[in-house]
>>> print(open('upload.cif').read())   # mmCIF, C-alpha atoms
data_data
loop_
_atom_site.group_PDB
_atom_site.id
_atom_site.type_symbol
_atom_site.label_atom_id
_atom_site.label_comp_id
_atom_site.auth_asym_id
_atom_site.auth_seq_id
_atom_site.Cartn_x
_atom_site.Cartn_y
_atom_site.Cartn_z
ATOM 1 C CA MET U 25 120.185 61.199 85.718
ATOM 2 C CA LYS U 26 116.779 60.970 84.003
ATOM 3 C CA ALA U 27 115.350 59.361 87.120
ATOM 4 C CA LEU U 28 116.641 62.235 89.250
ATOM 5 C CA TRP U 29 115.132 64.834 86.922
ATOM 6 C CA GLY U 30 111.860 62.899 86.988
ATOM 7 C CA LEU U 31 111.780 62.926 90.775
ATOM 8 C CA PHE U 32 112.566 66.644 90.809
ATOM 9 C CA PHE U 33 109.814 67.421 88.300
ATOM 10 C CA CYS U 34 107.244 65.366 90.224
ATOM 11 C CA ALA U 35 108.121 67.067 93.509
ATOM 12 C CA PHE U 36 108.089 70.514 91.876
ATOM 13 C CA SER U 37 104.755 69.916 90.149
ATOM 14 C CA ASN U 38 103.185 68.475 93.275
ATOM 15 C CA LEU U 39 104.182 71.550 95.274
ATOM 16 C CA PHE U 40 102.643 73.878 92.726
ATOM 17 C CA VAL U 41 99.493 71.811 92.228
ATOM 18 C CA LYS U 42 98.881 71.787 95.987
ATOM 19 C CA LYS U 43 99.228 75.558 95.995
ATOM 20 C CA VAL U 44 96.790 75.971 93.110
ATOM 21 C CA VAL U 45 94.257 73.695 94.799
ATOM 22 C CA GLN U 46 94.455 75.838 97.900
ATOM 23 C CA ASP U 47 94.123 79.098 96.032
ATOM 24 C CA LEU U 48 91.332 77.978 93.732
ATOM 25 C CA THR U 49 89.213 76.852 96.638
ATOM 26 C CA SER U 50 89.993 79.705 99.009
ATOM 27 C CA GLY U 51 90.613 82.669 96.751
ATOM 28 C CA GLY U 52 91.999 82.119 93.292
ATOM 29 C CA HIS U 53 93.625 84.549 90.864
ATOM 30 C CA GLU U 54 97.122 83.437 91.905
ATOM 31 C CA TRP U 55 98.227 84.111 88.323
ATOM 32 C CA MET U 56 97.372 87.804 88.788
ATOM 33 C CA ARG U 57 99.778 88.358 91.669
ATOM 34 C CA ALA U 58 102.598 90.730 90.772
ATOM 35 C CA LYS U 59 105.155 88.839 92.874
ATOM 36 C CA TRP U 60 105.324 86.032 90.296
ATOM 37 C CA SER U 61 107.432 86.190 87.125
ATOM 38 C CA ALA U 62 105.697 85.935 83.738
ATOM 39 C CA PRO U 63 106.469 82.184 83.263
ATOM 40 C CA ILE U 64 105.170 81.318 86.746
ATOM 41 C CA ARG U 65 102.009 83.368 86.203
ATOM 42 C CA LYS U 66 101.466 81.481 82.939
ATOM 43 C CA TYR U 67 101.881 78.222 84.856
ATOM 44 C CA TRP U 68 99.271 79.294 87.434
ATOM 45 C CA LYS U 69 96.820 80.207 84.682
ATOM 46 C CA ILE U 70 97.249 76.863 82.885
ATOM 47 C CA SER U 71 96.891 75.049 86.224
ATOM 48 C CA GLU U 72 93.703 76.969 86.950
ATOM 49 C CA GLN U 73 92.252 76.111 83.549
ATOM 50 C CA THR U 74 93.085 72.425 83.953
ATOM 51 C CA MET U 75 91.733 72.127 87.485
ATOM 52 C CA VAL U 76 88.457 73.874 86.679
ATOM 53 C CA LYS U 77 87.996 71.654 83.650
ATOM 54 C CA TYR U 78 88.524 68.342 85.439
ATOM 55 C CA CYS U 79 87.306 68.928 88.990
ATOM 56 C CA ASP U 80 83.953 67.529 90.122
ATOM 57 C CA LEU U 81 83.119 70.672 92.063
ATOM 58 C CA ALA U 82 84.898 74.020 92.485
ATOM 59 C CA ILE U 83 84.214 75.474 95.942
ATOM 60 C CA CYS U 84 84.627 79.245 95.826
ATOM 61 C CA ASP U 85 85.000 81.381 98.938
ATOM 62 C CA SER U 86 83.835 84.436 97.029
ATOM 63 C CA VAL U 87 80.776 85.141 94.894
ATOM 64 C CA ASN U 88 83.040 87.128 92.583
ATOM 65 C CA ILE U 89 85.422 84.167 92.193
ATOM 66 C CA GLU U 90 82.454 81.981 91.286
ATOM 67 C CA LYS U 91 81.322 84.550 88.686
ATOM 68 C CA TYR U 92 84.874 84.710 87.328
ATOM 69 C CA ILE U 93 85.053 80.920 86.888
ATOM 70 C CA HIS U 94 81.787 80.822 84.952
ATOM 71 C CA GLY U 95 82.742 83.889 82.921
ATOM 72 C CA CYS U 96 86.027 82.305 81.858
ATOM 73 C CA TYR U 97 85.242 78.603 81.689
ATOM 74 C CA ASP U 98 81.593 78.002 80.881
ATOM 75 C CA GLY U 99 81.436 75.642 77.909
ATOM 76 C CA LYS U 100 85.078 74.648 78.388
ATOM 77 C CA GLY U 101 84.664 71.693 80.707
ATOM 78 C CA ILE U 102 84.760 68.024 79.746
ATOM 79 C CA LYS U 103 82.670 67.548 76.593
ATOM 80 C CA GLY U 104 81.913 71.269 76.583
ATOM 81 C CA ARG U 105 80.143 71.283 79.925
ATOM 82 C CA ASN U 106 80.040 74.237 82.313
ATOM 83 C CA PRO U 107 82.105 73.879 85.506
ATOM 84 C CA LYS U 108 80.134 72.910 88.608
ATOM 85 C CA THR U 109 80.614 75.432 91.419
ATOM 86 C CA THR U 110 79.295 76.410 94.802
ATOM 87 C CA PHE U 111 79.966 79.314 97.146
ATOM 88 C CA ILE U 112 81.145 78.760 100.716
ATOM 89 C CA ALA U 113 82.688 81.726 102.481
ATOM 90 C CA TYR U 114 85.881 81.815 104.511
ATOM 91 C CA GLY U 115 85.749 82.393 108.257
ATOM 92 C CA ALA U 116 87.855 83.896 111.010
ATOM 93 C CA ASP U 117 88.261 83.878 114.771
ATOM 94 C CA LEU U 118 85.858 86.592 115.899
ATOM 95 C CA THR U 119 86.354 86.416 119.663
ATOM 96 C CA LEU U 120 87.588 89.605 121.304
ATOM 97 C CA SER U 121 91.017 89.859 122.899
ATOM 98 C CA LYS U 122 91.481 88.755 126.496
ATOM 99 C CA LEU U 123 93.924 91.616 127.098
ATOM 100 C CA ALA U 124 92.864 94.740 128.989
ATOM 101 C CA ASP U 125 93.917 98.207 127.861
ATOM 102 C CA ASP U 126 96.364 98.432 130.754
ATOM 103 C CA ASP U 127 97.907 95.006 130.146
ATOM 104 C CA GLU U 128 101.693 95.287 130.431
ATOM 105 C CA LYS U 129 102.233 93.475 127.133
ATOM 106 C CA LEU U 130 100.048 95.951 125.237
ATOM 107 C CA VAL U 131 101.357 99.030 127.062
ATOM 108 C CA ASN U 132 104.959 98.054 126.333
ATOM 109 C CA TRP U 133 104.183 97.386 122.674
ATOM 110 C CA TYR U 134 102.552 100.814 122.283
ATOM 111 C CA LYS U 135 105.449 102.486 124.061
ATOM 112 C CA GLY U 136 108.016 100.749 121.865
ATOM 113 C CA LYS U 137 106.211 101.707 118.648
ATOM 114 C CA GLY U 138 105.227 105.247 119.626
ATOM 115 C CA LEU U 139 101.497 104.532 119.331
ATOM 116 C CA ALA U 140 98.418 105.151 121.482
ATOM 117 C CA LYS U 141 94.878 103.740 121.605
ATOM 118 C CA LYS U 142 92.543 105.179 118.923
ATOM 119 C CA GLU U 143 95.362 107.376 117.616
ATOM 120 C CA TYR U 144 96.445 105.215 114.697
ATOM 121 C CA TYR U 145 95.197 103.819 111.418
ATOM 122 C CA LEU U 146 96.195 100.196 110.920
ATOM 123 C CA VAL U 147 96.901 97.661 108.209
ATOM 124 C CA VAL U 148 97.868 94.011 108.652
ATOM 125 C CA GLY U 149 98.907 91.988 105.622
ATOM 126 C CA ARG U 150 101.570 90.623 103.328
ATOM 127 C CA PHE U 151 103.895 93.294 101.985
ATOM 128 C CA VAL U 152 103.185 92.805 98.267
ATOM 129 C CA PRO U 153 102.200 95.294 95.515
ATOM 130 C CA GLU U 154 98.658 93.952 94.976
ATOM 131 C CA ASN U 155 97.777 94.842 98.564
ATOM 132 C CA SER U 156 97.953 98.568 97.708
ATOM 133 C CA PHE U 157 100.727 99.552 100.127
ATOM 134 C CA GLU U 158 102.022 102.206 97.727
ATOM 135 C CA VAL U 159 98.566 103.774 97.436
ATOM 136 C CA MET U 160 97.862 103.661 101.167
ATOM 137 C CA ILE U 161 101.196 105.227 102.146
ATOM 138 C CA ARG U 162 101.081 107.884 99.433
ATOM 139 C CA GLU U 163 97.510 108.868 100.257
ATOM 140 C CA PHE U 164 98.119 108.930 104.000
ATOM 141 C CA MET U 165 101.039 111.283 103.408
ATOM 142 C CA LYS U 166 98.676 113.534 101.423
ATOM 143 C CA SER U 167 96.052 113.545 104.166
ATOM 144 C CA ASN U 168 95.783 116.082 106.970
ATOM 145 C CA SER U 169 95.449 113.432 109.669
ATOM 146 C CA LYS U 170 97.337 113.959 112.928
ATOM 147 C CA LYS U 171 97.134 110.237 113.693
ATOM 148 C CA ASP U 172 99.750 107.586 112.876
ATOM 149 C CA PHE U 173 99.654 104.886 110.231
ATOM 150 C CA ALA U 174 100.820 101.586 111.767
ATOM 151 C CA ILE U 175 101.829 98.916 109.250
ATOM 152 C CA ILE U 176 102.081 95.352 110.571
ATOM 153 C CA THR U 177 103.805 93.262 107.923
ATOM 154 C CA ASN U 178 106.812 91.134 107.098
ATOM 155 C CA VAL U 179 108.883 93.727 105.255
ATOM 156 C CA ASN U 180 110.327 92.876 101.848
ATOM 157 C CA GLU U 181 113.447 95.051 101.673
ATOM 158 C CA LYS U 182 113.431 95.268 97.864
ATOM 159 C CA PHE U 183 109.831 96.465 97.750
ATOM 160 C CA LEU U 184 110.407 98.737 100.755
ATOM 161 C CA ASN U 185 113.330 100.452 99.043
ATOM 162 C CA GLU U 186 111.279 100.882 95.863
ATOM 163 C CA LEU U 187 108.535 102.615 97.846
ATOM 164 C CA GLU U 188 111.011 104.860 99.645
ATOM 165 C CA LYS U 189 112.476 106.007 96.311
ATOM 166 C CA LYS U 190 108.982 106.795 95.013
ATOM 167 C CA LEU U 191 107.359 108.253 98.122
ATOM 168 C CA HIS U 192 110.136 109.282 100.560
ATOM 169 C CA PHE U 193 107.831 108.098 103.346
ATOM 170 C CA LYS U 194 110.642 108.013 105.903
ATOM 171 C CA SER U 195 110.378 111.790 106.080
ATOM 172 C CA ASP U 196 106.799 111.446 107.393
ATOM 173 C CA LYS U 197 106.934 110.457 111.062
ATOM 174 C CA ARG U 198 103.307 109.261 110.960
ATOM 175 C CA ILE U 199 104.228 106.297 108.741
ATOM 176 C CA LYS U 200 105.376 103.497 111.038
ATOM 177 C CA PHE U 201 106.438 100.027 109.962
ATOM 178 C CA VAL U 202 106.080 98.202 113.274
ATOM 179 C CA GLY U 203 107.100 94.679 112.254
ATOM 180 C CA THR U 204 105.086 91.505 112.707
ATOM 181 C CA VAL U 205 102.897 90.459 115.638
ATOM 182 C CA TYR U 206 102.477 86.713 116.125
ATOM 183 C CA ASP U 207 100.854 86.908 119.554
ATOM 184 C CA GLN U 208 97.198 86.529 118.557
ATOM 185 C CA GLU U 209 95.725 88.090 121.706
ATOM 186 C CA LEU U 210 97.988 91.106 121.296
ATOM 187 C CA LEU U 211 97.155 91.420 117.605
ATOM 188 C CA LYS U 212 93.431 91.284 118.342
ATOM 189 C CA LYS U 213 93.802 94.070 120.896
ATOM 190 C CA ILE U 214 95.832 96.202 118.485
ATOM 191 C CA ARG U 215 93.023 95.792 115.941
ATOM 192 C CA GLU U 216 90.336 96.642 118.492
ATOM 193 C CA ASN U 217 92.150 99.791 119.602
ATOM 194 C CA ALA U 218 92.856 101.115 116.099
ATOM 195 C CA TYR U 219 91.005 104.268 115.074
ATOM 196 C CA ALA U 220 90.433 102.703 111.666
ATOM 197 C CA TYR U 221 91.648 99.841 109.531
ATOM 198 C CA PHE U 222 92.821 99.945 105.891
ATOM 199 C CA HIS U 223 92.244 96.983 103.590
ATOM 200 C CA GLY U 224 93.902 97.289 100.189
ATOM 201 C CA HIS U 225 93.771 93.714 98.880
ATOM 202 C CA THR U 226 92.845 93.668 95.184
ATOM 203 C CA VAL U 227 93.468 89.998 94.286
ATOM 204 C CA GLY U 228 91.780 86.880 95.661
ATOM 205 C CA GLY U 229 88.490 86.088 97.283
ATOM 206 C CA THR U 230 87.280 86.478 100.837
ATOM 207 C CA ASN U 231 90.280 87.620 102.854
ATOM 208 C CA PRO U 232 90.520 86.469 106.503
ATOM 209 C CA SER U 233 92.241 89.676 107.617
ATOM 210 C CA LEU U 234 89.231 91.639 106.322
ATOM 211 C CA ILE U 235 86.801 89.488 108.302
ATOM 212 C CA GLU U 236 88.978 89.877 111.400
ATOM 213 C CA ALA U 237 89.043 93.643 110.907
ATOM 214 C CA LEU U 238 85.261 93.839 110.548
ATOM 215 C CA GLY U 239 84.881 91.797 113.711
ATOM 216 C CA SER U 240 87.243 93.905 115.802
ATOM 217 C CA THR U 241 87.852 97.401 114.365
ATOM 218 C CA ASP U 242 84.836 99.711 114.267
ATOM 219 C CA LEU U 243 85.839 101.808 111.273
ATOM 220 C CA ASN U 244 87.110 100.075 108.130
ATOM 221 C CA LEU U 245 88.319 101.766 104.942
ATOM 222 C CA LEU U 246 88.421 99.289 102.035
ATOM 223 C CA VAL U 247 89.634 99.482 98.470
ATOM 224 C CA ASP U 248 86.581 99.427 96.211
ATOM 225 C CA VAL U 249 86.739 95.990 94.539
ATOM 226 C CA GLY U 250 84.039 93.341 94.285
ATOM 227 C CA PHE U 251 85.724 90.908 96.690
ATOM 228 C CA ASN U 252 85.680 93.455 99.513
ATOM 229 C CA LYS U 253 82.233 94.916 98.835
ATOM 230 C CA GLU U 254 80.530 91.517 98.862
ATOM 231 C CA VAL U 255 81.985 90.871 102.337
ATOM 232 C CA ALA U 256 81.537 94.256 104.023
ATOM 233 C CA GLU U 257 78.537 95.644 102.114
ATOM 234 C CA ASP U 258 77.457 98.862 103.898
ATOM 235 C CA CYS U 259 79.553 98.175 107.008
ATOM 236 C CA ALA U 260 82.639 100.003 105.700
ATOM 237 C CA LEU U 261 83.803 103.050 103.730
ATOM 238 C CA TYR U 262 85.331 102.597 100.277
ATOM 239 C CA TRP U 263 88.158 104.230 98.326
ATOM 240 C CA SER U 264 89.547 103.821 94.843
ATOM 241 C CA ARG U 265 93.195 103.580 93.846
ATOM 242 C CA LYS U 266 92.909 106.893 91.977
ATOM 243 C CA PRO U 267 95.067 109.757 93.327
ATOM 244 C CA GLY U 268 93.292 111.730 96.042
ATOM 245 C CA SER U 269 90.496 109.240 96.771
ATOM 246 C CA LEU U 270 91.904 107.705 99.941
ATOM 247 C CA ALA U 271 93.412 110.950 101.248
ATOM 248 C CA LYS U 272 89.981 112.562 101.024
ATOM 249 C CA LEU U 273 88.393 109.594 102.800
ATOM 250 C CA ILE U 274 90.993 109.713 105.594
ATOM 251 C CA ASP U 275 90.215 113.385 106.201
ATOM 252 C CA HIS U 276 86.509 112.518 106.284
ATOM 253 C CA ALA U 277 87.103 109.609 108.685
ATOM 254 C CA ASP U 278 89.059 111.863 111.044
ATOM 255 C CA LYS U 279 85.970 114.059 111.393
ATOM 256 C CA MET U 280 83.447 111.297 112.048
ATOM 257 C CA SER U 281 81.702 111.356 115.401
ATOM 258 C CA ILE U 282 82.113 108.667 118.054
ATOM 259 C CA GLU U 283 78.480 107.691 117.491
ATOM 260 C CA GLU U 284 78.923 107.323 113.718
ATOM 261 C CA ILE U 285 81.991 105.131 114.145
ATOM 262 C CA ALA U 286 80.312 102.999 116.812
ATOM 263 C CA GLU U 287 77.339 102.411 114.494
ATOM 264 C CA MET U 288 79.670 101.284 111.687
ATOM 265 C CA GLY U 289 81.284 98.868 114.126
ATOM 266 C CA ARG U 290 77.937 97.513 115.287
ATOM 267 C CA ARG U 291 76.837 96.786 111.724
ATOM 268 C CA ALA U 292 80.176 95.183 110.842
ATOM 269 C CA LYS U 293 80.135 92.848 113.838
ATOM 270 C CA LYS U 294 76.544 91.838 113.093
ATOM 271 C CA ARG U 295 77.487 91.121 109.481
ATOM 272 C CA VAL U 296 80.404 88.811 110.276
ATOM 273 C CA ALA U 297 78.534 87.089 113.113
ATOM 274 C CA GLU U 298 75.758 86.160 110.698
ATOM 275 C CA GLU U 299 77.806 85.179 107.647
ATOM 276 C CA TYR U 300 81.416 84.344 108.524
ATOM 277 C CA THR U 301 81.455 82.142 111.627
ATOM 278 C CA TRP U 302 83.255 78.801 111.402
ATOM 279 C CA ASP U 303 80.161 76.988 112.712
ATOM 280 C CA LYS U 304 78.148 78.107 109.712
ATOM 281 C CA ILE U 305 80.941 77.463 107.222
ATOM 282 C CA CYS U 306 81.768 73.996 108.594
ATOM 283 C CA GLY U 307 78.086 73.129 108.325
ATOM 284 C CA GLN U 308 78.098 74.138 104.665
ATOM 285 C CA TYR U 309 81.186 72.010 103.944
ATOM 286 C CA GLU U 310 79.575 69.082 105.756
ATOM 287 C CA GLU U 311 76.511 69.479 103.545
ATOM 288 C CA VAL U 312 78.698 69.339 100.422
ATOM 289 C CA PHE U 313 80.957 66.431 101.371
ATOM 290 C CA VAL U 314 78.701 64.285 103.553
ATOM 291 C CA HIS U 315 75.152 64.809 102.322
ATOM 292 C CA ARG U 316 75.840 65.557 98.668
#
>>> encode(input="upload.cif", output="structure tokens")
Amino acid sequence: MKALWGLFFCAFSNLFVKKVVQDLTSGGHEWMRAKWSAPIRKYWKISEQTMVKYCDLAICDSVNIEKYIHGCYDGKGIKGRNPKTTFIAYGADLTLSKLADDDEKLVNWYKGKGLAKKEYYLVVGRFVPENSFEVMIREFMKSNSKKDFAIITNVNEKFLNELEKKLHFKSDKRIKFVGTVYDQELLKKIRENAYAYFHGHTVGGTNPSLIEALGSTDLNLLVDVGFNKEVAEDCALYWSRKPGSLAKLIDHADKMSIEEIAEMGRRAKKRVAEEYTWDKICGQYEEVFVHR
């Protein structure tokens, strides 16, 4: 029996350690995510502390993650040393969709979801509290926009029911949960044709969905946290989680001219092309692991 428990513990620990390695190097702050129970969050925090203390080099995909590590763990490494870190961003596929606007696949998807090109705001992401879904839905309902709000996500029924009890969003026909889209060419085209994109992620480092949005959607409305601002800089508009902030920004975005939106898109695409291509990032990893 002891042997069985030992095997179980080793397998369980290995699974969690692998997850922490992934999140420390590509984002971090797993212990802050609301989806975890208090004991699991404590486990993530202890794992983070241990890994930062004993690793040779912590590669951070966010400048803010790197600052966080030094703020928390300087002087707490082996023999009181500071942790050794470096910043290497995350990348994304930035090629445009191969689909045309009249492609049957796209036309049928729009028809089935009740959407039209440039007539919807969009969000793509995991359906979890720290991604600001409650704020985005509530604020969109407050706005005067005549456009739709398309939400591409894997719906968590428990969280969905909680939001419905709080917001009664089902009474607002503009709010549309449209399911998941695994066809990458179709998803790219949906992003490209969105009027604007919402990004509400508040935990983690450089988020790939944000890079993809900047590379495909001209107008991006991001929650005002350090992780997002270091990526988008002046290529996006920002909102806070305070009541009224996003609703006001949505009304402003609705009134922006075609030229203003196109200029935002031009700057965003230039930004990601210069800083977030896989060629550049792979070169930086090669420098660390091969030439270090």
>>> atom_distance(input="upload.cif", atom1="atom CA of U:Leu187", atom2="atom CA of U:Asp275")
22.8 Å
>>> resolve_selection(input="upload.cif", expression="the PyMOL selection byres ((chain U and resi 67-84) around 6)", output="PyMOL selection string")
chain U and resi 49+55+64-66+85-86+90+101+108-111
>>> atom_distance(input="upload.cif", atom1="atom CA of U:Glu154", atom2="atom CA of U:Gly136")
29.3 Å
>>> resolve_selection(input="upload.cif", expression="the PyMOL selection byres ((chain U and resi 180) around 12)", output="MDAnalysis selection string")
chainID U and resid 59 150:153 157 177:179 181:187 201 203
>>> write_last_selection(input="upload.cif", atoms="C-alpha atoms", output="compact mmCIF listing (two decimals), in the frame of the given file")
# COMPACT_ATOMS: atom_id res chain seq x y z
CA LYS U 59 105.16 88.84 92.87
CA ARG U 150 101.57 90.62 103.33
CA PHE U 151 103.90 93.29 101.98
CA VAL U 152 103.18 92.80 98.27
CA PRO U 153 102.20 95.29 95.52
CA PHE U 157 100.73 99.55 100.13
CA THR U 177 103.80 93.26 107.92
CA ASN U 178 106.81 91.13 107.10
CA VAL U 179 108.88 93.73 105.26
CA GLU U 181 113.45 95.05 101.67
CA LYS U 182 113.43 95.27 97.86
CA PHE U 183 109.83 96.46 97.75
CA LEU U 184 110.41 98.74 100.76
CA ASN U 185 113.33 100.45 99.04
CA GLU U 186 111.28 100.88 95.86
CA LEU U 187 108.54 102.62 97.85
CA PHE U 201 106.44 100.03 109.96
CA GLY U 203 107.10 94.68 112.25
>>> closest_residue(input="upload.cif", among="U:Leu146, U:Ser281, U:Ile112, U:Asp125", to="U:Ser233", atoms="all atoms listed in the file")
U:Leu146
>>> resolve_selection(input="upload.cif", expression="the PyMOL selection byres ((chain U and resi 207) around 12)", output="list of chain:residue names")
U:Ser121, U:Lys122, U:Leu123, U:Lys129, U:Leu130, U:Trp133, U:Thr204, U:Val205, U:Tyr206, U:Gln208, U:Glu209, U:Leu210, U:Leu211, U:Lys212, U:Lys213, U:Ile214
>>> closest_residue(input="upload.cif", among="U:Trp302, U:Tyr145, U:Phe313, U:Tyr92", to="U:Lys200", atoms="only C-alpha atoms")
U:Tyr145
>>> residues_around(input="upload.cif", residues="stretch 234-240 of chain U", least_positions_apart="2", cutoff="6 Å", atoms="all atoms listed in the file", output="count of residues only")
6
>>> closest_residue(input="upload.cif", among="U:Gly224, U:Gly229, U:Gly104, U:Gly99", to="U:Val147", atoms="all atoms listed in the file")
U:Gly224
>>> axis_aligned_box(input="upload.cif", around="stretch 153-157 of chain U", padding_each_side="5 Å", output="JSON")
{"center_x": 100.0, "center_y": 96.8, "center_z": 97.6, "size_x": 14.4, "size_y": 15.6, "size_z": 15.2}
